[in-house]
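*Asks:* Once you've had a glance at the structure underneath, I'll fire off some questions.
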Amino acid sequence: MRCIPVTACLLTGLVIGLSPIAISTAKADASNADICASTDDDAFPPQRRIEACGTLIATLNDQPAALAAALVNRGTVYWYIDRVQLALADFDRAIALDPKNEAAFRERSNTYRTMGRLDKALPDANEAVRLNPNDAQAFEKRGDVFFDNKQFDRAIADYNEALRLAPNDSLAYMDRGAANYSKGDYQAAIADLSEAIKLDPKNARAYTNRGAAYKKLGRSEQSLADDNTAIKLDPSHPEFFDNRGLDYASNGDYDRAISDYNEAIRLKPQANFLTNRGDSYYHKGDTDRAIADYDRAIALDPGFILAYNNRGAAYDKKGDLDRAIADYQAALRIDPHSDLTAENLADARQKRDRRLAAGGDNSAAVLPSFDCGSAKLAAEKAICSDPELARLDREINSAYKAALASRDSNASTKLRDQQRDFIATRNKSFGNPQYNLKHEMEARLDVLRDMSANLSR
């Protein structure tokens, strides 16, 4: 069975800071005008700029064009702090006051795009370009809409125009590099991202994106070097650690890969990070911890096909063909065109048919987490003889390992003590009429799963 590796995360270089709109009015308070138009967070935090814009807006009722410009500035700040409905309200009002305000259409288009409303974003982007065909940002923002629509050639055409108008715009090179990467033209992506780095050597995102393109070309040394630089520039970004983990994993250095995935998950638990870590555990032969990570990935993103396929591969490796088949089927329901998953499913079914023909069991559900050949205690023998108890034991072990992997040393020690106490109580109490082994195992499994779920939130 083959896992589908999660590829490097390409971070598109879309605009984070928005350009100010100049306000020229004799009646406006100059200080508030400057603050409202500023994009310097260190000098004027977002809330201060919002307040300044509000004060300014209250003085401009008799000047529609200037009022519209102030509303656009405030709207860009609202967008920046993710208050998109307030941003839309300001852009709508600005357009109503001044239908020729290109910036209002441009920034409303960008707001609709970040909301996933591409049907509304494109008409606004077209209008911004029509109103000001010499504005590089207008072409860049429309290129972003085409990019999100997966119309990469049209996106590249707009990024080309943006770069013709603003040849030193590192962000446009970033965006064109992302479009070339998405088209599969990794050499062109590397060229664009190298230019972005030349223009902005401290752009960590450009390095990690170029590293992703190098990965695609099998140039692992360059990829690792770029991912190291990205982490050095910005160690707070989880995708950077995930991408470097992929570098290590591709070289078979699974322990270092797992260490980077741990950091990515600590910063922000995501299905792809957990699946990548699960893949490394899988390749190390630790299928239980791999399955635990795939479980968490699916809990976070029930539509993540890779986690289902790869969990199926792990179950297949353990000999649990029924569960492997169920996971492959779940993956194919999400993406019926996944040839690799279809191949895995066919192979698992053939294995199951051969096992049935030989009179064997379909699954590994009768196998607990420990070796039944060495079972001596009554509780252990009971678990080995009951498929349902064996399943519970295996799931408890997987959930325990998942919870353990996500804790610091002090919490790990406490969890180990709790697990030892549970097993000791189980072994001592089994046979007591008041002790319900299945009930106690189900309760322990719920506790361990809750631990993992809380870490994922």
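Chain identifiers are assigned as A, B, and so on, following the order in which chains appear in the structure tokens; residues are numbered from 1 within each chain, and ligands are numbered from 1 in order of appearance.
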For Asn32 (chain A), find every residue with an atom within 10 Å (counting only C-alpha atoms), except residues of its own chain fewer than 4 positions away, and show them as a PyMOL selection string.
*Replies:* chain A and resi 28+36-38+48-57
*Asks:* Just write the chosen residues, C-alpha atoms, as an mmCIF file, in the first residue's frame.
*Replies:*
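The result, stored in again37.cif:
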```cif
data_model
loop_
_atom_site.group_PDB
_atom_site.id
_atom_site.type_symbol
_atom_site.label_atom_id
_atom_site.label_comp_id
_atom_site.auth_asym_id
_atom_site.auth_seq_id
_atom_site.Cartn_x
_atom_site.Cartn_y
_atom_site.Cartn_z
ATOM 1 C CA ALA A 28 -9.726 68.103 7.056
ATOM 2 C CA CYS A 36 -6.043 57.682 8.577
ATOM 3 C CA ALA A 37 -3.890 57.288 5.460
ATOM 4 C CA SER A 38 -0.985 55.601 7.266
ATOM 5 C CA ARG A 48 -5.926 54.363 16.246
ATOM 6 C CA ARG A 49 -6.228 54.636 12.458
ATOM 7 C CA ILE A 50 -9.883 53.602 12.605
ATOM 8 C CA GLU A 51 -10.556 56.313 15.203
ATOM 9 C CA ALA A 52 -8.705 58.934 13.151
ATOM 10 C CA CYS A 53 -10.626 57.967 10.011
ATOM 11 C CA GLY A 54 -13.900 58.142 11.943
ATOM 12 C CA THR A 55 -13.115 61.634 13.200
ATOM 13 C CA LEU A 56 -12.116 62.692 9.690
ATOM 14 C CA ILE A 57 -15.225 61.172 8.100
#
```
*Asks:* Output as a PyMOL selection string all residues of region 139-291 of chain A that backbone DSSP marks as alpha helix (DSSP H).
*Replies:* chain A and resi 139-148+152-165+170-183+186-199+204-216+220-233+238-250+254-267+271-284+287-291
*Asks:* Env of Tyr315 (chain A): 7 Å cut, atoms = only C-alpha atoms, seq-sep filter 6 positions within chain, self excluded. Answer as a PyMOL selection string.
*Replies:* chain A and resi 321+323-324
*Asks:* What is the distance between CA of Glu102 (chain A) and CA of Asn132 (chain A), in Å to one decimal?
*Replies:*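 CA of Asn132 (chain A) lies at a distance of 6.5 Å from CA of Glu102 (chain A).
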*Asks:* If you count only C-alpha atoms, which residues fall within 9 Å of region 174-184 of chain A, apart from same-chain ones fewer than 5 positions away, as a VMD selection string?
*Replies:* chain A and resid 10 to 14 140 143 to 144 147 150 to 153 155 to 160 169 189 to 193 195 to 197 205 to 206 209 to 210 212 to 213 216
*Asks:* Neighbouring residues of Phe240 (chain A) were defined as those with any atom within 8 Å, considering only C-alpha atoms; residues of the same chain fewer than 4 positions away were excluded. Please report them as a PyMOL selection string.
*Replies:* chain A and resi 208+227+230-231+235+244+264
*Asks:* Please identify all polymer residues within 9 Å of Ala390 (chain A), counting only C-alpha atoms, omitting same-chain residues fewer than 5 positions from it, and present them as a VMD selection string.
*Replies:* chain A and resid 365 to 369 382 to 385 395
*Asks:* Please provide the set of residues having any atom within 9 Å of Leu392 (chain A), restricted to only C-alpha atoms, with same-chain residues fewer than 5 positions apart removed, written as a PyMOL selection string.
*Replies:* chain A and resi 368+383+387+397+438+441-442+445
*Asks:* Using only C-alpha atoms, which of A:Leu86, A:Ala58, A:Met115, A:Ala103 sits nearest Val72 (chain A)?
*Replies:*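 The closest residue to Val72 (chain A) is A:Ala103.
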*Asks:* Using only C-alpha atoms, what table do you get, as a tab-separated table, when you list each residue of region 294-395 of chain A with an atom no more than 10 Å from region 265-288 of chain A, its nearest pair of atoms, and their distance in Å rounded to one decimal, rows by chain then rising number?
*Replies:*
```
residue	atom	partner	partner_atom	distance
A:Tyr294	CA	A:Thr275	CA	5.6
A:Asp295	CA	A:Leu274	CA	8.9
A:Arg296	CA	A:Leu274	CA	7.1
A:Ala297	CA	A:Ala271	CA	4.0
A:Ile298	CA	A:Ala271	CA	6.8
A:Ala299	CA	A:Ala271	CA	8.3
A:Leu300	CA	A:Ala271	CA	6.0
A:Asp301	CA	A:Ala271	CA	6.1
A:Pro302	CA	A:Ala271	CA	9.1
A:Gly303	CA	A:Ala271	CA	9.9
A:Phe304	CA	A:Ala271	CA	7.3
A:Leu306	CA	A:Thr275	CA	7.4
A:Ala307	CA	A:Thr275	CA	5.8
A:Tyr308	CA	A:Thr275	CA	9.5
A:Asn310	CA	A:Asp279	CA	7.4
A:Arg311	CA	A:Gly278	CA	8.5
A:Ala313	CA	A:Tyr282	CA	8.9
A:Ala314	CA	A:Thr287	CA	5.7
A:Tyr315	CA	A:Thr287	CA	7.7
A:Asp316	CA	A:Thr287	CA	9.9
A:Lys317	CA	A:Thr287	CA	7.7
A:Lys318	CA	A:Thr287	CA	7.3
A:Ser369	CA	A:Asp288	CA	8.6
A:Arg394	CA	A:Asp288	CA	8.1
A:Glu395	CA	A:Asp288	CA	8.5
```
*Asks:* Between A:Asn134, A:Gln85, A:Asn73, A:Asn262, which residue has the minimum interatomic distance to Glu107 (chain A), considering only C-alpha atoms?
*Replies:* A:Asn73
